[in-house]
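Undergrad: Sending over final.csv (CSV, C-alpha atoms).
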```
chain,number,residue,atom,x,y,z
A,1,MET,CA,-115.2,-31.7,-184.7
A,2,SER,CA,-118.8,-31.6,-185.6
A,3,LYS,CA,-120.3,-28.3,-186.8
A,4,SER,CA,-122.6,-28.1,-183.7
A,5,LEU,CA,-119.7,-28.4,-181.3
A,6,GLU,CA,-117.9,-25.5,-183.0
A,7,HIS,CA,-120.6,-23.1,-181.8
A,8,LEU,CA,-120.4,-24.2,-178.1
A,9,HIS,CA,-119.1,-21.5,-175.8
A,10,VAL,CA,-118.8,-20.9,-172.1
A,11,VAL,CA,-121.7,-19.0,-170.6
A,12,SER,CA,-120.1,-16.6,-168.1
A,13,ALA,CA,-121.7,-15.4,-164.9
A,14,ALA,CA,-122.2,-11.7,-164.5
A,15,SER,CA,-119.0,-9.9,-163.2
A,16,ARG,CA,-121.0,-8.2,-160.4
A,17,LEU,CA,-121.2,-11.6,-158.7
A,18,GLU,CA,-117.5,-11.4,-157.8
A,19,ASN,CA,-118.6,-9.5,-154.8
A,20,VAL,CA,-121.3,-11.9,-153.7
A,21,ARG,CA,-120.1,-14.2,-150.9
A,22,TYR,CA,-121.8,-16.6,-148.5
A,23,ALA,CA,-119.2,-18.2,-146.4
A,24,ILE,CA,-121.7,-19.9,-144.2
A,25,ARG,CA,-122.9,-22.3,-146.9
A,26,ASP,CA,-119.5,-22.5,-148.6
A,27,MET,CA,-118.0,-24.1,-145.5
A,28,ALA,CA,-121.0,-26.5,-145.4
A,29,VAL,CA,-119.8,-28.0,-148.7
A,30,LEU,CA,-116.6,-29.3,-147.2
A,31,ALA,CA,-118.5,-30.5,-144.1
A,32,GLU,CA,-120.9,-32.5,-146.3
A,33,GLN,CA,-117.9,-34.2,-148.0
A,34,LEU,CA,-116.5,-35.2,-144.6
A,35,THR,CA,-119.9,-36.5,-143.6
A,36,ARG,CA,-120.1,-38.7,-146.7
A,37,GLU,CA,-116.7,-40.1,-145.6
A,38,GLY,CA,-118.3,-41.2,-142.3
A,39,HIS,CA,-117.2,-38.4,-140.0
A,40,THR,CA,-119.6,-36.9,-137.4
A,41,ILE,CA,-119.5,-33.1,-137.7
A,42,LEU,CA,-120.0,-30.8,-134.8
A,43,PRO,CA,-122.0,-27.9,-136.4
A,44,LEU,CA,-121.4,-24.4,-135.1
A,45,ASN,CA,-122.0,-22.7,-138.4
A,46,ILE,CA,-125.7,-22.0,-139.2
A,47,GLY,CA,-128.3,-20.1,-137.2
A,48,ASP,CA,-131.2,-22.6,-137.6
A,49,PRO,CA,-132.6,-23.4,-134.1
A,50,LEU,CA,-134.7,-26.3,-135.4
A,51,LYS,CA,-131.5,-28.3,-136.2
A,52,PHE,CA,-131.0,-28.5,-132.4
A,53,ASP,CA,-133.1,-28.9,-129.3
A,54,PHE,CA,-135.7,-26.1,-130.1
A,55,SER,CA,-139.1,-26.6,-131.5
A,56,THR,CA,-141.8,-24.5,-133.1
A,57,PRO,CA,-144.6,-23.3,-130.7
A,58,PRO,CA,-147.6,-25.6,-131.4
A,59,HIS,CA,-150.2,-22.9,-131.7
A,60,LEU,CA,-148.3,-21.5,-134.7
A,61,ILE,CA,-148.4,-24.8,-136.5
A,62,ALA,CA,-152.1,-25.1,-135.7
A,63,ALA,CA,-152.8,-21.7,-137.2
A,64,VAL,CA,-151.0,-22.5,-140.5
A,65,GLU,CA,-152.6,-25.9,-140.7
A,66,LYS,CA,-156.0,-24.4,-140.3
A,67,ALA,CA,-155.3,-21.8,-143.0
A,68,MET,CA,-154.3,-24.6,-145.4
A,69,ARG,CA,-157.3,-26.6,-144.6
A,70,ASP,CA,-159.5,-23.5,-145.0
A,71,GLY,CA,-158.2,-23.2,-148.6
A,72,CYS,CA,-155.7,-20.3,-148.1
A,73,ASN,CA,-153.3,-21.8,-150.6
A,74,GLY,CA,-153.5,-19.4,-153.5
A,75,TYR,CA,-152.1,-15.9,-153.9
A,76,ALA,CA,-152.2,-13.5,-151.0
A,77,PRO,CA,-152.5,-9.7,-151.2
A,78,SER,CA,-149.2,-8.3,-152.3
A,79,GLN,CA,-148.6,-6.4,-149.0
A,80,GLY,CA,-149.9,-9.3,-146.9
A,81,ILE,CA,-153.1,-10.3,-145.2
A,82,PRO,CA,-154.9,-7.6,-143.2
A,83,GLU,CA,-154.9,-9.5,-139.9
A,84,ALA,CA,-151.1,-10.0,-140.0
A,85,LEU,CA,-150.4,-6.4,-141.0
A,86,GLU,CA,-152.6,-5.1,-138.2
A,87,ALA,CA,-150.8,-7.4,-135.7
A,88,ILE,CA,-147.4,-6.2,-136.9
A,89,ARG,CA,-148.4,-2.5,-136.7
A,90,ALA,CA,-149.7,-3.0,-133.2
A,91,GLU,CA,-146.5,-4.7,-132.1
A,92,ALA,CA,-144.4,-1.9,-133.6
A,93,GLU,CA,-146.6,0.7,-131.8
A,94,ARG,CA,-146.2,-1.2,-128.5
A,95,SER,CA,-142.4,-1.0,-128.9
A,96,GLY,CA,-142.6,2.8,-129.2
A,97,ILE,CA,-142.5,3.3,-133.0
A,98,ARG,CA,-144.6,6.2,-134.2
A,99,ASN,CA,-145.4,7.8,-137.6
A,100,ILE,CA,-145.9,4.3,-139.2
A,101,HIS,CA,-146.9,4.8,-142.8
A,102,ASN,CA,-146.6,1.3,-144.2
A,103,VAL,CA,-146.3,-2.4,-143.2
A,104,PHE,CA,-145.6,-5.2,-145.6
A,105,LEU,CA,-144.9,-8.9,-145.5
A,106,THR,CA,-142.1,-10.7,-147.3
A,107,ALA,CA,-140.5,-14.1,-147.8
A,108,GLY,CA,-138.2,-13.5,-144.8
A,109,VAL,CA,-136.2,-10.4,-143.9
A,110,SER,CA,-133.8,-11.3,-146.8
A,111,GLU,CA,-136.6,-10.5,-149.4
A,112,ALA,CA,-137.6,-7.4,-147.4
A,113,LEU,CA,-134.1,-6.0,-147.5
A,114,ASP,CA,-133.7,-6.8,-151.1
A,115,ILE,CA,-136.9,-5.1,-152.1
A,116,CYS,CA,-136.1,-2.0,-149.9
A,117,LEU,CA,-132.6,-1.6,-151.3
A,118,THR,CA,-133.8,-2.1,-154.9
A,119,ALA,CA,-136.5,0.6,-154.4
A,120,LEU,CA,-134.0,3.1,-153.1
A,121,VAL,CA,-130.5,2.7,-154.5
A,122,ASN,CA,-129.2,3.5,-158.0
A,123,ALA,CA,-126.1,2.1,-159.6
A,124,GLY,CA,-123.0,3.8,-158.4
A,125,GLU,CA,-124.6,5.0,-155.1
A,126,ASN,CA,-123.6,3.5,-151.8
A,127,VAL,CA,-125.1,2.3,-148.5
A,128,LEU,CA,-123.3,2.2,-145.2
A,129,THR,CA,-123.1,-1.4,-144.0
A,130,PRO,CA,-121.5,-2.7,-140.8
A,131,CYS,CA,-118.2,-4.5,-140.7
A,132,PRO,CA,-118.4,-7.3,-139.8
A,133,ASP,CA,-121.8,-7.8,-141.4
A,134,TYR,CA,-124.3,-10.4,-142.5
A,135,PRO,CA,-123.2,-11.2,-146.1
A,136,LEU,CA,-126.7,-10.5,-147.6
A,137,TYR,CA,-126.2,-6.8,-147.4
A,138,SER,CA,-123.2,-6.6,-149.7
A,139,ALA,CA,-124.6,-9.4,-152.0
A,140,VAL,CA,-127.8,-7.4,-152.7
A,141,LEU,CA,-125.8,-4.2,-153.3
A,142,ALA,CA,-123.5,-6.0,-155.7
A,143,LYS,CA,-126.6,-7.2,-157.7
A,144,LEU,CA,-127.8,-3.6,-157.9
A,145,GLY,CA,-124.5,-2.3,-159.1
A,146,ALA,CA,-124.3,-0.2,-155.9
A,147,GLN,CA,-121.5,0.0,-153.4
A,148,PRO,CA,-121.2,-1.3,-149.9
A,149,ASN,CA,-119.6,1.5,-147.8
A,150,SER,CA,-118.4,-0.4,-144.7
A,151,TYR,CA,-118.2,1.2,-141.3
A,152,GLN,CA,-116.4,-0.5,-138.5
A,153,LEU,CA,-117.8,-2.1,-135.4
A,154,ASP,CA,-115.5,-1.5,-132.5
A,155,GLU,CA,-114.4,-4.7,-130.8
A,156,ASP,CA,-112.8,-2.8,-128.0
A,157,ASN,CA,-116.2,-1.2,-127.3
A,158,PHE,CA,-118.3,-4.3,-127.1
A,159,TRP,CA,-118.7,-4.2,-130.9
A,160,GLN,CA,-120.7,-1.0,-130.9
A,161,PRO,CA,-120.7,1.0,-134.2
A,162,ASP,CA,-117.7,3.3,-134.6
A,163,LEU,CA,-119.5,6.6,-134.9
A,164,GLU,CA,-116.5,8.5,-136.0
A,165,ASP,CA,-115.9,6.0,-138.8
A,166,ILE,CA,-119.5,6.4,-139.9
A,167,CYS,CA,-119.1,10.2,-140.1
A,168,ARG,CA,-115.9,9.7,-142.2
A,169,LYS,CA,-117.6,7.4,-144.6
A,170,ILE,CA,-120.7,9.5,-145.5
A,171,ASN,CA,-120.4,11.1,-148.9
A,172,SER,CA,-122.6,12.6,-151.6
A,173,GLY,CA,-123.5,9.2,-153.0
A,174,THR,CA,-124.6,7.7,-149.6
A,175,ARG,CA,-128.3,6.9,-149.5
A,176,ALA,CA,-128.8,4.8,-146.4
A,177,ILE,CA,-127.3,3.1,-143.4
A,178,VAL,CA,-127.9,-0.5,-142.3
A,179,VAL,CA,-128.0,-1.1,-138.5
A,180,SER,CA,-128.1,-4.7,-137.4
A,181,ASN,CA,-129.2,-4.8,-133.7
A,182,PRO,CA,-128.8,-7.3,-132.2
A,183,ASN,CA,-125.9,-7.9,-134.5
A,184,ASN,CA,-125.0,-11.0,-136.6
A,185,PRO,CA,-122.2,-12.1,-136.4
A,186,THR,CA,-121.0,-10.4,-133.2
A,187,GLY,CA,-124.1,-10.8,-130.9
A,188,ALA,CA,-123.7,-7.1,-129.9
A,189,VAL,CA,-126.7,-5.1,-128.6
A,190,TYR,CA,-126.3,-1.4,-129.3
A,191,SER,CA,-126.7,1.2,-126.6
A,192,ARG,CA,-129.4,3.9,-126.7
A,193,PRO,CA,-126.8,6.8,-127.0
A,194,THR,CA,-125.2,5.0,-130.0
A,195,LEU,CA,-128.6,4.6,-131.7
A,196,GLU,CA,-129.5,8.2,-131.0
A,197,ARG,CA,-126.3,9.4,-132.6
A,198,ILE,CA,-126.8,7.2,-135.7
A,199,ALA,CA,-130.3,8.6,-136.0
A,200,GLU,CA,-128.9,12.2,-135.8
A,201,LEU,CA,-126.4,11.4,-138.5
A,202,ALA,CA,-129.2,10.1,-140.7
A,203,ARG,CA,-131.2,13.2,-140.0
A,204,GLN,CA,-128.3,15.5,-140.9
A,205,HIS,CA,-127.4,13.7,-144.1
A,206,ASN,CA,-130.9,12.7,-145.3
A,207,LEU,CA,-130.2,9.0,-145.1
A,208,VAL,CA,-132.7,6.2,-144.8
A,209,ILE,CA,-132.1,3.8,-141.9
A,210,PHE,CA,-132.5,0.1,-142.4
A,211,ALA,CA,-132.9,-1.3,-138.9
A,212,ASP,CA,-132.5,-5.1,-139.0
A,213,GLU,CA,-134.0,-6.2,-135.7
A,214,ILE,CA,-134.8,-9.8,-136.4
A,215,TYR,CA,-133.2,-10.9,-133.0
A,216,ASN,CA,-134.8,-8.2,-130.9
A,217,LYS,CA,-136.6,-10.8,-128.6
A,218,LEU,CA,-133.4,-12.8,-128.1
A,219,ILE,CA,-131.7,-10.4,-125.6
A,220,LEU,CA,-129.6,-12.5,-123.3
A,221,ASP,CA,-129.0,-10.0,-120.5
A,222,ASP,CA,-131.5,-8.0,-118.5
A,223,GLU,CA,-131.6,-4.7,-120.4
A,224,PRO,CA,-134.4,-4.2,-122.9
A,225,HIS,CA,-133.9,-3.9,-126.7
A,226,THR,CA,-134.3,-0.3,-128.0
A,227,PRO,CA,-136.0,-0.1,-131.5
A,228,LEU,CA,-134.1,2.5,-133.5
A,229,ALA,CA,-137.2,3.9,-135.1
A,230,ALA,CA,-138.7,4.6,-131.7
A,231,LEU,CA,-135.8,7.1,-131.1
A,232,ALA,CA,-136.3,8.9,-134.5
A,233,PRO,CA,-140.0,9.3,-135.4
A,234,ASP,CA,-139.1,12.0,-138.0
A,235,VAL,CA,-136.3,10.0,-139.8
A,236,PRO,CA,-137.2,7.5,-142.6
A,237,VAL,CA,-136.6,4.1,-141.0
A,238,VAL,CA,-137.5,0.7,-142.3
A,239,THR,CA,-137.6,-1.7,-139.4
A,240,PHE,CA,-137.1,-5.4,-140.4
A,241,ASN,CA,-138.3,-8.3,-138.4
A,242,GLY,CA,-140.0,-11.7,-138.7
A,243,LEU,CA,-140.9,-15.0,-137.2
A,244,SER,CA,-137.8,-17.0,-138.2
A,245,LYS,CA,-135.6,-16.7,-135.2
A,246,SER,CA,-137.7,-15.6,-132.2
A,247,TYR,CA,-140.6,-17.9,-133.1
A,248,LEU,CA,-138.5,-20.8,-134.4
A,249,VAL,CA,-139.8,-21.1,-137.9
A,250,PRO,CA,-136.9,-20.1,-140.2
A,251,GLY,CA,-138.1,-22.3,-143.0
A,252,TRP,CA,-141.5,-20.6,-143.2
A,253,ARG,CA,-139.8,-17.4,-144.5
A,254,VAL,CA,-142.1,-14.9,-142.8
A,255,GLY,CA,-140.6,-11.5,-142.6
A,256,TRP,CA,-141.8,-7.9,-142.7
A,257,GLY,CA,-140.9,-4.3,-142.9
A,258,VAL,CA,-142.4,-1.3,-141.0
A,259,VAL,CA,-141.8,2.1,-142.7
A,260,SER,CA,-141.9,5.1,-140.3
A,261,GLY,CA,-140.8,8.7,-140.5
A,262,SER,CA,-142.2,11.9,-142.0
A,263,GLY,CA,-145.1,11.0,-144.2
A,264,ALA,CA,-144.3,13.5,-147.0
A,265,ASP,CA,-140.7,12.3,-147.1
A,266,VAL,CA,-141.4,8.6,-147.4
A,267,LYS,CA,-144.5,8.5,-149.6
A,268,PRO,CA,-142.6,8.3,-153.0
A,269,TYR,CA,-140.3,5.6,-151.6
A,270,ILE,CA,-143.2,3.6,-150.3
A,271,GLU,CA,-144.8,3.6,-153.7
A,272,GLY,CA,-141.5,2.2,-155.1
A,273,ILE,CA,-141.6,-0.6,-152.5
A,274,HIS,CA,-145.2,-1.3,-153.5
A,275,GLN,CA,-144.3,-1.6,-157.1
A,276,LEU,CA,-141.8,-4.4,-156.3
A,277,LEU,CA,-144.2,-6.1,-153.9
A,278,ARG,CA,-146.8,-6.3,-156.7
A,279,ALA,CA,-144.2,-7.5,-159.2
A,280,ARG,CA,-143.3,-10.5,-157.1
A,281,LEU,CA,-147.0,-11.2,-156.4
A,282,CYS,CA,-146.9,-12.1,-152.7
A,283,SER,CA,-145.1,-13.9,-149.9
A,284,ASN,CA,-146.1,-17.3,-148.5
A,285,TYR,CA,-149.9,-17.2,-147.9
A,286,PRO,CA,-150.8,-19.8,-145.3
A,287,GLN,CA,-147.8,-19.0,-143.1
A,288,GLN,CA,-149.0,-15.4,-142.8
A,289,PHE,CA,-151.8,-16.7,-140.6
A,290,ALA,CA,-149.2,-17.5,-137.9
A,291,VAL,CA,-148.2,-13.8,-137.5
A,292,ARG,CA,-151.1,-12.7,-135.2
A,293,PRO,CA,-151.0,-15.8,-133.0
A,294,ALA,CA,-147.2,-15.4,-132.7
A,295,LEU,CA,-147.3,-11.7,-131.7
A,296,GLU,CA,-150.5,-11.8,-129.7
A,297,GLY,CA,-150.7,-15.3,-128.4
A,298,PRO,CA,-148.7,-17.3,-125.8
A,299,GLN,CA,-145.1,-16.3,-125.4
A,300,ASP,CA,-144.2,-19.3,-123.1
A,301,HIS,CA,-141.3,-20.6,-125.2
A,302,PHE,CA,-139.2,-17.5,-124.7
A,303,ALA,CA,-138.2,-18.4,-121.1
A,304,MET,CA,-136.8,-21.7,-122.2
A,305,VAL,CA,-135.1,-20.3,-125.3
A,306,ARG,CA,-133.4,-17.5,-123.5
A,307,ALA,CA,-132.3,-19.8,-120.6
A,308,LYS,CA,-130.7,-22.2,-123.0
A,309,LEU,CA,-129.0,-19.5,-124.9
A,310,ARG,CA,-127.6,-17.8,-121.8
A,311,GLN,CA,-126.1,-21.0,-120.6
A,312,ARG,CA,-124.6,-21.8,-124.0
A,313,ARG,CA,-123.4,-18.2,-124.4
A,314,ASP,CA,-121.6,-18.4,-121.0
A,315,LEU,CA,-120.1,-21.8,-121.9
A,316,THR,CA,-118.9,-20.4,-125.2
A,317,VAL,CA,-117.3,-17.3,-123.8
A,318,SER,CA,-115.6,-19.2,-121.0
A,319,ALA,CA,-114.2,-21.8,-123.5
A,320,CYS,CA,-112.9,-19.1,-125.9
A,321,ARG,CA,-111.2,-17.1,-123.1
A,322,ALA,CA,-109.6,-20.2,-121.6
A,323,THR,CA,-108.2,-21.2,-125.0
A,324,PRO,CA,-104.7,-19.9,-126.0
A,325,HIS,CA,-104.6,-17.5,-128.9
A,326,MET,CA,-108.3,-16.7,-128.5
A,327,SER,CA,-110.3,-13.8,-127.0
A,328,CYS,CA,-114.0,-13.1,-127.0
A,329,VAL,CA,-116.3,-10.2,-126.4
A,330,ALA,CA,-119.4,-11.7,-124.7
A,331,PRO,CA,-122.4,-11.5,-127.0
A,332,ARG,CA,-125.5,-9.9,-125.4
A,333,GLY,CA,-128.1,-11.0,-128.0
A,334,ALA,CA,-128.9,-13.5,-130.7
A,335,PHE,CA,-126.9,-16.8,-130.7
A,336,TYR,CA,-123.6,-15.8,-132.2
A,337,ALA,CA,-120.1,-15.2,-130.9
A,338,PHE,CA,-117.3,-13.7,-132.9
A,339,PRO,CA,-114.0,-14.5,-131.1
A,340,LYS,CA,-110.7,-13.2,-132.3
A,341,ILE,CA,-107.9,-15.7,-133.0
A,342,ASP,CA,-104.2,-14.9,-133.0
A,343,VAL,CA,-102.6,-17.4,-135.3
A,344,PRO,CA,-100.2,-17.3,-138.3
A,345,ASP,CA,-102.7,-18.9,-140.6
A,346,SER,CA,-105.6,-17.0,-142.2
A,347,ASP,CA,-108.9,-17.5,-140.5
A,348,GLU,CA,-110.2,-19.3,-143.5
A,349,GLN,CA,-107.2,-21.8,-143.3
A,350,PHE,CA,-107.8,-22.1,-139.6
A,351,VAL,CA,-111.5,-23.1,-139.9
A,352,LYS,CA,-110.8,-25.5,-142.8
A,353,LYS,CA,-108.0,-27.3,-140.9
A,354,LEU,CA,-110.1,-27.4,-137.7
A,355,LEU,CA,-113.0,-29.0,-139.7
A,356,VAL,CA,-110.8,-31.6,-141.4
A,357,GLU,CA,-108.8,-32.5,-138.3
A,358,LYS,CA,-111.4,-32.2,-135.5
A,359,HIS,CA,-114.6,-32.1,-137.4
A,360,VAL,CA,-115.7,-28.8,-135.8
A,361,LEU,CA,-117.6,-26.6,-138.2
A,362,MET,CA,-117.3,-22.8,-137.7
A,363,VAL,CA,-117.2,-20.0,-140.3
A,364,HIS,CA,-114.2,-17.7,-140.9
A,365,GLY,CA,-114.4,-14.1,-140.1
A,366,THR,CA,-113.4,-12.9,-143.5
A,367,GLY,CA,-116.8,-14.3,-144.7
A,368,PHE,CA,-118.4,-11.4,-142.8
A,369,GLY,CA,-115.7,-8.8,-143.1
A,370,GLN,CA,-113.5,-7.6,-140.3
A,371,ALA,CA,-111.1,-4.9,-139.3
A,372,PRO,CA,-107.8,-5.0,-141.3
A,373,GLY,CA,-105.2,-7.1,-139.6
A,374,THR,CA,-107.6,-9.0,-137.5
A,375,LYS,CA,-108.8,-12.6,-137.7
A,376,HIS,CA,-112.0,-14.1,-136.3
A,377,VAL,CA,-114.3,-17.0,-136.4
A,378,ARG,CA,-118.1,-17.0,-136.0
A,379,ILE,CA,-119.5,-19.5,-133.6
A,380,VAL,CA,-123.2,-20.4,-133.5
A,381,PHE,CA,-123.9,-21.6,-129.9
A,382,LEU,CA,-127.3,-23.2,-130.6
A,383,PRO,CA,-126.2,-26.8,-130.1
A,384,ASP,CA,-126.7,-28.4,-126.7
A,385,GLU,CA,-124.0,-28.0,-124.0
A,386,ALA,CA,-122.6,-31.5,-124.5
A,387,THR,CA,-122.0,-30.9,-128.2
A,388,LEU,CA,-120.6,-27.4,-127.5
A,389,THR,CA,-118.2,-28.9,-124.9
A,390,ARG,CA,-116.9,-31.5,-127.4
A,391,ALA,CA,-116.5,-28.9,-130.0
A,392,TYR,CA,-114.6,-26.5,-127.7
A,393,GLU,CA,-112.4,-29.4,-126.5
A,394,GLY,CA,-111.5,-30.2,-130.1
A,395,MET,CA,-110.9,-26.5,-130.8
A,396,ARG,CA,-108.5,-26.2,-127.9
A,397,ALA,CA,-106.7,-29.4,-128.8
A,398,PHE,CA,-106.3,-28.2,-132.4
A,399,ILE,CA,-104.8,-24.8,-131.3
A,400,MET,CA,-102.4,-26.5,-128.8
A,401,GLU,CA,-101.2,-28.9,-131.5
A,402,HIS,CA,-100.6,-26.3,-134.1
A,403,TYR,CA,-99.9,-22.9,-132.4
A,404,ALA,CA,-98.7,-23.5,-128.9
```
Rewrite the structure of this file - the entire thing - as structure tokens.
TA:
Amino acid sequence: MSKSLEHLHVVSAASRLENVRYAIRDMAVLAEQLTREGHTILPLNIGDPLKFDFSTPPHLIAAVEKAMRDGCNGYAPSQGIPEALEAIRAEAERSGIRNIHNVFLTAGVSEALDICLTALVNAGENVLTPCPDYPLYSAVLAKLGAQPNSYQLDEDNFWQPDLEDICRKINSGTRAIVVSNPNNPTGAVYSRPTLERIAELARQHNLVIFADEIYNKLILDDEPHTPLAALAPDVPVVTFNGLSKSYLVPGWRVGWGVVSGSGADVKPYIEGIHQLLRARLCSNYPQQFAVRPALEGPQDHFAMVRAKLRQRRDLTVSACRATPHMSCVAPRGAFYAFPKIDVPDSDEQFVKKLLVEKHVLMVHGTGFGQAPGTKHVRIVFLPDEATLTRAYEGMRAFIMEHYA
């Protein structure tokens, strides 16, 4: 052995990454292998509307193109360009949010949540996160050496947060609570009384609320969305939103945060957020010029988007309820369903076998967390109805072949 080889050693990843999971992309690896073998995959796994029959509103593309041609291709202000910040603030005020003390733009809600958690939480502290949840929350907390403190969403109550479980989970190390409404992966939309009770718990225990409301304009039933911050003008709330889902530009990575609450209480925290915003320089510059046209310009695309999603939601719920060993709470927002499966295999084994045998790509519920003893799959019902029908026929055939 040469002397240089004697000094080679394995470079290990940090142990905190053991708690970082992203089942959505993990399942895609197996799907890509099957695609290379010549199989056509029916994708019900990822929430990107532009992979299906949805398209970006043209006036947003025109605004970004104009910004690029006008030379807006360098660094932007760390918090964001003034016209975008003004439009976001006005939108928040129209929705009933008061006591707004700060607005900032980020590279998607993912960066906004990362920055806001980093500015708040110390190692060893904990944040209440929903279960099931979007995997980003626990991934960021793992990176920070903080702890996710999972509270249950009640499947028997339309996936509303279990308020008693939240009460039980609050302890001296709890700094914040994450509220995802509409929820990914369940599609639940939370009731006003539920949100009011969460706000009261935050008030009593001096918690910051992180209100992830990225799907707030994709409500599939008639009732309006209630912004949590509008119900609690005195409580520190960071409301997250962006263009990705509602305005059909997930690849542009345009997200933002709106900080509201008592000014004296949130001022030091806002300074911490600003430190991190400056450290990462800025979010995407030309794409910020789409914010005002999006929020204040034509909203024509929403009628088509919601109509398609309602039809596909109804098809999905009917198919799941008509399939043996499956049940499904009807989602009321976003484009996700989280049906329960009653099979002897784990839900991860279930989705892998379904993918290999029927080429239907879903994500296992354990990738999002779920109540002990339960098994679920997450379905993205963005594909057209013909694709969904083929996928659900394959799913039903698979269950009849293996578990009937």
Undergrad: Pick from A:Pro286, A:Gly242, A:Leu248, A:Gln299: nearest to Ala62 of chain A, with only C-alpha atoms counted?
TA: A:Pro286
Undergrad: Residues at most 8 Å from Pro236 of chain A, counting only C-alpha atoms, excluding those fewer than 2 positions away in the same chain, as an NGL selection string?
TA: :A and (207-209 or 233-234 or 238 or 259-262 or 265-266)
Undergrad: Work out how far apart atom CA of Phe158 of chain A and atom CA of Ala404 of chain A are and give it in Å to one decimal.
TA: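 It comes out at 27.5 Å.
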Undergrad: Can you pull out every residue within 8 Å of segment 346-356 of chain A, counting all atoms listed in the file, but drop anything in the same chain fewer than 3 positions away, and send it as a PDB file with C-alpha atoms, keeping the file's coordinate frame?
TA:
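Wrote around_21.pdb, looks like this:
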```pdb
ATOM      1  CA  MET A  27    -118.000 -24.100-145.500  1.00  0.00           C
ATOM      2  CA  ALA A  31    -118.500 -30.500-144.100  1.00  0.00           C
ATOM      3  CA  LEU A  34    -116.500 -35.200-144.600  1.00  0.00           C
ATOM      4  CA  ILE A  41    -119.500 -33.100-137.700  1.00  0.00           C
ATOM      5  CA  ILE A 341    -107.900 -15.700-133.000  1.00  0.00           C
ATOM      6  CA  VAL A 343    -102.600 -17.400-135.300  1.00  0.00           C
ATOM      7  CA  HIS A 359    -114.600 -32.100-137.400  1.00  0.00           C
ATOM      8  CA  VAL A 360    -115.700 -28.800-135.800  1.00  0.00           C
ATOM      9  CA  LEU A 361    -117.600 -26.600-138.200  1.00  0.00           C
ATOM     10  CA  MET A 362    -117.300 -22.800-137.700  1.00  0.00           C
ATOM     11  CA  VAL A 363    -117.200 -20.000-140.300  1.00  0.00           C
ATOM     12  CA  HIS A 364    -114.200 -17.700-140.900  1.00  0.00           C
ATOM     13  CA  GLY A 365    -114.400 -14.100-140.100  1.00  0.00           C
ATOM     14  CA  THR A 366    -113.400 -12.900-143.500  1.00  0.00           C
ATOM     15  CA  LYS A 375    -108.800 -12.600-137.700  1.00  0.00           C
ATOM     16  CA  HIS A 376    -112.000 -14.100-136.300  1.00  0.00           C
ATOM     17  CA  VAL A 377    -114.300 -17.000-136.400  1.00  0.00           C
ATOM     18  CA  MET A 395    -110.900 -26.500-130.800  1.00  0.00           C
ATOM     19  CA  PHE A 398    -106.300 -28.200-132.400  1.00  0.00           C
TER      20      PHE A 398
END
```
Undergrad: Between atom CA of Asp48 of chain A and atom CA of Pro77 of chain A, what is the spacing in Å?
TA: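 For atom CA of Pro77 of chain A relative to atom CA of Asp48 of chain A, the distance reads 28.4 Å.
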Undergrad: Do you know which residues are at most 8 Å from Ile166 of chain A counting all atoms listed in the file, after dropping those on the same chain fewer than 3 positions away, and could you put them as a PDB file with C-alpha atoms, keeping the file's coordinate frame?
TA:
```pdb
ATOM      1  CA  LEU A 128    -123.300   2.200-145.200  1.00  0.00           C
ATOM      2  CA  TYR A 151    -118.200   1.200-141.300  1.00  0.00           C
ATOM      3  CA  GLN A 152    -116.400  -0.500-138.500  1.00  0.00           C
ATOM      4  CA  PRO A 161    -120.700   1.000-134.200  1.00  0.00           C
ATOM      5  CA  ASP A 162    -117.700   3.300-134.600  1.00  0.00           C
ATOM      6  CA  LEU A 163    -119.500   6.600-134.900  1.00  0.00           C
ATOM      7  CA  LYS A 169    -117.600   7.400-144.600  1.00  0.00           C
ATOM      8  CA  ILE A 170    -120.700   9.500-145.500  1.00  0.00           C
TER       9      ILE A 170
END
```
